[in-house]
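S.K.: Structure file work_11.cif (mmCIF, N, CA, C and O atoms) is given on the next line.
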```
data_coords
loop_
_atom_site.label_atom_id
_atom_site.label_comp_id
_atom_site.auth_asym_id
_atom_site.auth_seq_id
_atom_site.Cartn_x
_atom_site.Cartn_y
_atom_site.Cartn_z
N GLY A 117 0.79 -1.17 0.00
CA GLY A 117 0.00 0.00 0.00
C GLY A 117 0.85 1.26 0.00
O GLY A 117 2.06 1.24 -0.24
N GLU A 118 0.20 2.35 0.28
CA GLU A 118 0.86 3.66 0.27
C GLU A 118 1.99 3.74 1.29
O GLU A 118 3.05 4.30 1.01
N VAL A 119 1.79 3.15 2.46
CA VAL A 119 2.83 3.18 3.51
C VAL A 119 4.05 2.39 3.06
O VAL A 119 5.19 2.81 3.27
N GLY A 120 3.83 1.25 2.40
CA GLY A 120 4.94 0.45 1.91
C GLY A 120 5.76 1.17 0.86
O GLY A 120 6.98 1.13 0.87
N VAL A 121 5.08 1.84 -0.06
CA VAL A 121 5.78 2.61 -1.10
C VAL A 121 6.58 3.73 -0.47
O VAL A 121 7.73 3.97 -0.82
N LYS A 122 5.98 4.43 0.49
CA LYS A 122 6.68 5.52 1.17
C LYS A 122 7.93 5.00 1.88
O LYS A 122 8.98 5.62 1.84
N SER A 123 7.83 3.84 2.50
CA SER A 123 8.98 3.25 3.20
C SER A 123 10.10 2.92 2.23
O SER A 123 11.27 3.16 2.52
N ILE A 124 9.75 2.36 1.07
CA ILE A 124 10.77 2.02 0.07
C ILE A 124 11.47 3.28 -0.40
O ILE A 124 12.70 3.32 -0.52
N VAL A 125 10.72 4.33 -0.67
CA VAL A 125 11.31 5.60 -1.12
C VAL A 125 12.23 6.15 -0.06
O VAL A 125 13.35 6.58 -0.36
N GLU A 126 11.81 6.14 1.19
CA GLU A 126 12.64 6.70 2.26
C GLU A 126 13.89 5.87 2.51
O GLU A 126 14.91 6.40 2.95
N LEU A 127 13.86 4.58 2.23
CA LEU A 127 15.01 3.72 2.44
C LEU A 127 15.98 3.73 1.26
O LEU A 127 17.10 3.24 1.37
N SER A 128 15.56 4.27 0.13
CA SER A 128 16.43 4.38 -1.04
C SER A 128 16.84 5.84 -1.20
O SER A 128 16.02 6.67 -1.60
N PRO A 129 18.09 6.17 -0.88
CA PRO A 129 18.50 7.57 -0.93
C PRO A 129 18.22 8.28 -2.25
O PRO A 129 17.75 9.42 -2.27
N THR A 130 18.47 7.61 -3.37
CA THR A 130 18.24 8.26 -4.66
C THR A 130 16.76 8.56 -4.86
O THR A 130 16.39 9.65 -5.29
N LEU A 131 15.90 7.61 -4.52
CA LEU A 131 14.46 7.84 -4.64
C LEU A 131 13.98 8.90 -3.66
O LEU A 131 13.09 9.69 -3.97
N ASP A 132 14.58 8.92 -2.48
CA ASP A 132 14.22 9.93 -1.48
C ASP A 132 14.52 11.34 -2.00
O ASP A 132 13.69 12.23 -1.91
N VAL A 133 15.71 11.52 -2.55
CA VAL A 133 16.09 12.83 -3.09
C VAL A 133 15.18 13.19 -4.26
O VAL A 133 14.69 14.32 -4.36
N GLU A 134 14.89 12.23 -5.13
CA GLU A 134 14.00 12.49 -6.26
C GLU A 134 12.62 12.91 -5.78
O GLU A 134 12.02 13.86 -6.31
N ALA A 135 12.10 12.25 -4.76
CA ALA A 135 10.78 12.59 -4.23
C ALA A 135 10.76 14.01 -3.65
O ALA A 135 9.81 14.77 -3.86
N GLU A 136 11.82 14.37 -2.92
CA GLU A 136 11.90 15.72 -2.35
C GLU A 136 11.96 16.78 -3.45
O GLU A 136 11.30 17.82 -3.37
N PHE A 137 12.77 16.52 -4.48
CA PHE A 137 12.87 17.47 -5.59
C PHE A 137 11.54 17.56 -6.33
O PHE A 137 11.08 18.66 -6.65
N SER A 138 10.95 16.42 -6.62
CA SER A 138 9.69 16.41 -7.38
C SER A 138 8.61 17.19 -6.67
O SER A 138 7.87 17.95 -7.31
N ALA A 139 8.50 17.02 -5.37
CA ALA A 139 7.47 17.74 -4.62
C ALA A 139 7.66 19.24 -4.73
O ALA A 139 6.70 19.99 -4.89
N ARG A 140 8.90 19.69 -4.68
CA ARG A 140 9.17 21.12 -4.74
C ARG A 140 9.06 21.67 -6.17
O ARG A 140 8.60 22.78 -6.38
N ILE A 141 9.47 20.89 -7.14
CA ILE A 141 9.37 21.33 -8.54
C ILE A 141 7.90 21.42 -8.96
O ILE A 141 7.49 22.36 -9.63
N ASP A 142 7.10 20.43 -8.54
CA ASP A 142 5.68 20.44 -8.89
C ASP A 142 4.95 21.64 -8.29
O ASP A 142 3.94 22.09 -8.83
N ALA A 143 5.46 22.16 -7.18
CA ALA A 143 4.82 23.30 -6.52
C ALA A 143 5.19 24.64 -7.16
O ALA A 143 4.59 25.66 -6.84
N ARG A 144 6.15 24.64 -8.05
CA ARG A 144 6.59 25.88 -8.70
C ARG A 144 5.60 26.32 -9.76
O ARG A 144 5.01 25.48 -10.45
N PRO A 145 5.46 27.64 -9.93
CA PRO A 145 4.49 28.13 -10.92
C PRO A 145 4.90 27.89 -12.37
O PRO A 145 4.06 27.72 -13.23
N LYS A 146 6.20 27.87 -12.65
CA LYS A 146 6.62 27.64 -14.04
C LYS A 146 7.39 26.33 -14.14
O LYS A 146 8.13 25.95 -13.22
N PRO A 147 7.22 25.63 -15.26
CA PRO A 147 7.92 24.35 -15.42
C PRO A 147 9.42 24.55 -15.62
O PRO A 147 9.87 25.61 -16.05
N ILE A 148 10.19 23.51 -15.29
CA ILE A 148 11.63 23.60 -15.52
C ILE A 148 11.93 23.27 -16.98
O ILE A 148 11.18 22.54 -17.62
N ASN A 149 13.05 23.80 -17.48
CA ASN A 149 13.41 23.52 -18.87
C ASN A 149 14.16 22.19 -18.96
O ASN A 149 14.56 21.61 -17.96
N THR A 150 14.34 21.70 -20.16
CA THR A 150 14.96 20.39 -20.38
C THR A 150 16.37 20.33 -19.81
O THR A 150 16.74 19.33 -19.20
N HIS A 151 17.15 21.39 -20.01
CA HIS A 151 18.52 21.42 -19.50
C HIS A 151 18.54 21.26 -17.97
O HIS A 151 19.30 20.45 -17.43
N ASP A 152 17.70 22.02 -17.28
CA ASP A 152 17.64 21.93 -15.83
C ASP A 152 17.16 20.55 -15.38
O ASP A 152 17.63 20.01 -14.37
N ALA A 153 16.23 19.97 -16.11
CA ALA A 153 15.70 18.65 -15.76
C ALA A 153 16.82 17.60 -15.79
O ALA A 153 16.90 16.75 -14.89
N LEU A 154 17.69 17.67 -16.78
CA LEU A 154 18.80 16.71 -16.87
C LEU A 154 19.78 16.91 -15.71
O LEU A 154 20.28 15.94 -15.14
N ASP A 155 20.06 18.16 -15.37
CA ASP A 155 20.95 18.45 -14.24
C ASP A 155 20.37 17.91 -12.94
O ASP A 155 21.07 17.33 -12.12
N ILE A 156 19.08 18.12 -12.78
CA ILE A 156 18.42 17.69 -11.54
C ILE A 156 18.42 16.17 -11.43
O ILE A 156 18.61 15.62 -10.35
N GLN A 157 18.25 15.47 -12.54
CA GLN A 157 18.30 14.01 -12.50
C GLN A 157 19.66 13.52 -12.02
O GLN A 157 19.75 12.56 -11.27
N ALA A 158 20.72 14.19 -12.43
CA ALA A 158 22.07 13.81 -11.99
C ALA A 158 22.24 14.05 -10.49
O ALA A 158 22.93 13.29 -9.80
N ILE A 159 21.59 15.07 -10.00
CA ILE A 159 21.70 15.41 -8.57
C ILE A 159 21.05 14.36 -7.68
O ILE A 159 21.46 14.17 -6.55
N TYR A 160 20.02 13.68 -8.19
CA TYR A 160 19.35 12.65 -7.38
C TYR A 160 20.35 11.63 -6.85
O TYR A 160 20.23 11.17 -5.72
N THR A 161 21.30 11.28 -7.69
CA THR A 161 22.31 10.30 -7.29
C THR A 161 23.47 10.95 -6.55
O THR A 161 24.00 10.39 -5.61
N ALA A 162 23.84 12.14 -6.95
CA ALA A 162 25.02 12.79 -6.36
C ALA A 162 24.84 13.14 -4.89
O ALA A 162 25.74 12.92 -4.09
N ILE A 163 23.71 13.70 -4.53
CA ILE A 163 23.54 14.20 -3.16
C ILE A 163 23.74 13.12 -2.09
O ILE A 163 24.51 13.31 -1.16
N PRO A 164 23.08 11.98 -2.19
CA PRO A 164 23.24 11.03 -1.08
C PRO A 164 24.59 10.30 -1.05
O PRO A 164 24.94 9.71 -0.03
N TYR A 165 25.35 10.36 -2.14
CA TYR A 165 26.59 9.58 -2.20
C TYR A 165 27.86 10.41 -2.36
O TYR A 165 28.92 9.88 -2.66
N SER A 166 27.77 11.72 -2.17
CA SER A 166 28.92 12.61 -2.34
C SER A 166 29.16 13.43 -1.09
O SER A 166 28.26 13.62 -0.28
N SER A 167 30.37 13.92 -0.95
CA SER A 167 30.67 14.82 0.17
C SER A 167 30.45 16.28 -0.24
O SER A 167 30.17 17.12 0.61
N HIS A 168 30.59 16.57 -1.54
CA HIS A 168 30.38 17.92 -2.07
C HIS A 168 29.63 17.82 -3.40
O HIS A 168 29.96 16.96 -4.21
N VAL A 169 28.68 18.70 -3.60
CA VAL A 169 27.95 18.76 -4.88
C VAL A 169 27.93 20.21 -5.33
O VAL A 169 27.54 21.10 -4.57
N VAL A 170 28.35 20.43 -6.57
CA VAL A 170 28.30 21.76 -7.18
C VAL A 170 27.27 21.69 -8.30
O VAL A 170 27.34 20.81 -9.15
N ALA A 171 26.32 22.61 -8.27
CA ALA A 171 25.26 22.62 -9.28
C ALA A 171 24.75 24.05 -9.46
O ALA A 171 25.20 24.97 -8.78
N GLU A 172 23.79 24.21 -10.36
CA GLU A 172 23.19 25.51 -10.59
C GLU A 172 22.39 25.95 -9.37
O GLU A 172 21.94 25.13 -8.57
N LYS A 173 22.21 27.27 -9.26
CA LYS A 173 21.52 27.85 -8.10
C LYS A 173 20.16 27.22 -7.84
O LYS A 173 19.81 26.96 -6.70
N SER A 174 19.39 26.99 -8.88
CA SER A 174 18.03 26.47 -8.68
C SER A 174 18.05 25.09 -8.04
O SER A 174 17.27 24.82 -7.12
N ALA A 175 18.94 24.23 -8.48
CA ALA A 175 19.03 22.88 -7.91
C ALA A 175 19.54 22.93 -6.47
O ALA A 175 19.01 22.22 -5.60
N ILE A 176 20.53 23.76 -6.21
CA ILE A 176 21.06 23.89 -4.85
C ILE A 176 19.99 24.45 -3.93
O ILE A 176 19.81 23.98 -2.79
N SER A 177 19.24 25.41 -4.41
CA SER A 177 18.16 26.00 -3.61
C SER A 177 17.12 24.95 -3.23
O SER A 177 16.69 24.87 -2.07
N ILE A 178 16.71 24.13 -4.19
CA ILE A 178 15.73 23.08 -3.90
C ILE A 178 16.29 22.11 -2.86
O ILE A 178 15.60 21.74 -1.91
N ALA A 179 17.53 21.70 -3.05
CA ALA A 179 18.15 20.76 -2.11
C ALA A 179 18.23 21.33 -0.70
O ALA A 179 17.98 20.64 0.29
N GLN A 180 18.57 22.61 -0.60
CA GLN A 180 18.66 23.25 0.72
C GLN A 180 17.28 23.42 1.35
O GLN A 180 17.13 23.23 2.56
N GLN A 181 16.27 23.76 0.55
CA GLN A 181 14.91 23.87 1.08
C GLN A 181 14.45 22.54 1.66
O GLN A 181 13.76 22.50 2.68
N ALA A 182 14.84 21.45 1.01
CA ALA A 182 14.47 20.12 1.48
C ALA A 182 15.38 19.62 2.60
O ALA A 182 15.19 18.52 3.11
N LYS A 183 16.40 20.42 2.93
CA LYS A 183 17.38 20.08 3.97
C LYS A 183 18.13 18.77 3.67
O LYS A 183 18.50 18.02 4.56
N LEU A 184 18.33 18.54 2.37
CA LEU A 184 19.04 17.34 1.95
C LEU A 184 20.52 17.41 2.30
O LEU A 184 21.16 16.37 2.50
N ASP A 185 21.07 18.63 2.38
CA ASP A 185 22.47 18.78 2.77
C ASP A 185 22.69 18.25 4.18
O ASP A 185 23.68 17.56 4.45
N LYS A 186 21.77 18.51 5.06
CA LYS A 186 21.88 18.03 6.44
C LYS A 186 21.56 16.53 6.54
O LYS A 186 22.25 15.79 7.23
N LYS A 187 20.53 16.11 5.83
CA LYS A 187 20.11 14.71 5.89
C LYS A 187 21.21 13.78 5.39
O LYS A 187 21.44 12.71 5.95
N TYR A 188 21.92 14.20 4.32
CA TYR A 188 22.94 13.34 3.72
C TYR A 188 24.37 13.83 3.98
O TYR A 188 25.31 13.31 3.39
N ASN A 189 24.52 14.80 4.86
CA ASN A 189 25.83 15.32 5.24
C ASN A 189 26.69 15.65 4.01
O ASN A 189 27.80 15.15 3.87
N VAL A 190 26.14 16.49 3.14
CA VAL A 190 26.83 16.88 1.91
C VAL A 190 26.89 18.40 1.85
O VAL A 190 25.96 19.09 2.24
N LYS A 191 28.01 18.92 1.40
CA LYS A 191 28.15 20.37 1.21
C LYS A 191 27.65 20.71 -0.19
O LYS A 191 28.09 20.11 -1.17
N LEU A 192 26.74 21.66 -0.26
CA LEU A 192 26.15 22.08 -1.53
C LEU A 192 26.68 23.45 -1.91
O LEU A 192 26.80 24.33 -1.06
N SER A 193 26.98 23.63 -3.20
CA SER A 193 27.54 24.90 -3.65
C SER A 193 27.16 25.17 -5.09
O SER A 193 26.90 24.26 -5.86
N CYS A 194 27.18 26.46 -5.44
CA CYS A 194 26.94 26.89 -6.82
C CYS A 194 28.26 27.27 -7.50
O CYS A 194 28.24 27.71 -8.65
N SER A 195 29.37 27.13 -6.81
CA SER A 195 30.65 27.58 -7.35
C SER A 195 31.74 26.52 -7.21
O SER A 195 31.94 25.96 -6.12
N LEU A 196 32.46 26.30 -8.29
CA LEU A 196 33.60 25.38 -8.24
C LEU A 196 34.70 25.89 -7.32
O LEU A 196 35.50 25.12 -6.80
N LYS A 197 34.72 27.21 -7.09
CA LYS A 197 35.72 27.79 -6.19
C LYS A 197 35.64 27.19 -4.80
O LYS A 197 36.64 27.11 -4.08
N ASP A 198 34.46 26.73 -4.40
CA ASP A 198 34.30 26.14 -3.07
C ASP A 198 35.01 24.79 -2.93
O ASP A 198 35.16 24.29 -1.82
N LEU A 199 35.48 24.24 -4.04
CA LEU A 199 36.20 22.97 -3.99
C LEU A 199 37.71 23.16 -3.89
O LEU A 199 38.44 22.18 -3.66
N VAL A 200 38.19 24.39 -4.05
CA VAL A 200 39.62 24.66 -3.99
C VAL A 200 40.15 24.24 -2.61
O VAL A 200 39.65 24.67 -1.58
N GLY A 201 41.11 23.35 -2.63
CA GLY A 201 41.73 22.89 -1.39
C GLY A 201 41.01 21.76 -0.70
O GLY A 201 41.55 21.14 0.21
N VAL A 202 39.81 21.43 -1.12
CA VAL A 202 39.03 20.38 -0.46
C VAL A 202 39.69 19.01 -0.67
O VAL A 202 39.76 18.21 0.25
N TYR A 203 40.17 18.75 -1.87
CA TYR A 203 40.71 17.44 -2.17
C TYR A 203 42.24 17.45 -2.32
O TYR A 203 42.81 16.55 -2.90
N ALA A 204 42.88 18.48 -1.78
CA ALA A 204 44.34 18.56 -1.88
C ALA A 204 44.98 17.52 -0.96
O ALA A 204 44.46 17.19 0.09
N ASN A 205 46.12 17.06 -1.38
CA ASN A 205 46.85 16.05 -0.57
C ASN A 205 47.56 16.69 0.56
O ASN A 205 48.13 17.65 0.59
#
```
Is it possible to express this structure as structure tokens?

M.R.:
Amino acid sequence: GEVGVKSIVELSPTLDVEAEFSARIDARPKPINTHDALDIQAIYTAIPYSSHVVAEKSAISIAQQAKLDKKYNVKLSCSLKDLVGVYAN
């Protein structure tokens, strides 16, 4: 039933992120364009399995509104400059 489906989504990080994004995108007054849709699909997988994610402002904003950065302990940014020194030896 509905509870079982919800449990599966919550236990699958990628599906969880997709559900959070979908809920927020559907609530927006204007539809997203094809380019943004492809970027957002990539983010579904990146957020739960990465330590840092760099993306466009709109995607980062949605992720922060959903508090996915805290849930998955990932740093979200709109700038590659935020990665300088992060992975240095």

S.K.: Find, counting all atoms listed in the file, the residue in A:Val125, A:Val133, A:Ala204, A:Ile176 that gets nearest to A:Pro164.

M.R.: A:Val133

S.K.: In Å, how far is it from atom N of A:Val200 to atom N of A:Ala162?

M.R.: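 Spanning atom N of A:Val200 to atom N of A:Ala162 is a straight-line distance of 19.1 Å.
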
S.K.: Any chance you could work out the residue set of the PyMOL selection byres (((chain A and resi 134 and name CA) around 12) and name CA) here, as number ranges by chain?

M.R.: A: 125-126, 128-133, 135-142, 153, 156-164, 175, 178-179, 182, 184

S.K.: Between atom CA of A:His151 and atom CA of A:Leu192, measure the distance and give it in Å to one decimal.

M.R.: 19.5 Å

S.K.: Could you check the closest approach to A:Tyr188 for each of A:Tyr165, A:Leu154, A:Leu127, A:Gly201 and tell me which residue wins, using all atoms listed in the file?

M.R.: A:Tyr165

S.K.: Counting all atoms listed in the file, which of A:Val202, A:Ile124, A:Val169, A:Ala143 gets nearest to A:Val190?

M.R.: A:Val169

S.K.: One decimal, in Å: what's the spacing between atom CA of A:Pro145 and atom CA of A:Ser177?

M.R.: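 Atom CA of A:Pro145 sits 15.6 Å away from atom CA of A:Ser177.
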
S.K.: So which one's closest to A:Glu172, A:Ser195, A:Thr150, A:Asn189, A:Ser123? Using only N, CA, C and O atoms, please.

M.R.: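 Comparing A:Ser195, A:Thr150, A:Asn189, A:Ser123 against A:Glu172, the winner is A:Ser195.
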
S.K.: Would you mind writing down, as a list in words, each residue of chain A that DSSP on the backbone assigns to strand (DSSP E or B)?

M.R.: His168, Val169, Val170, Lys191, Leu192 and Ser193 of chain A
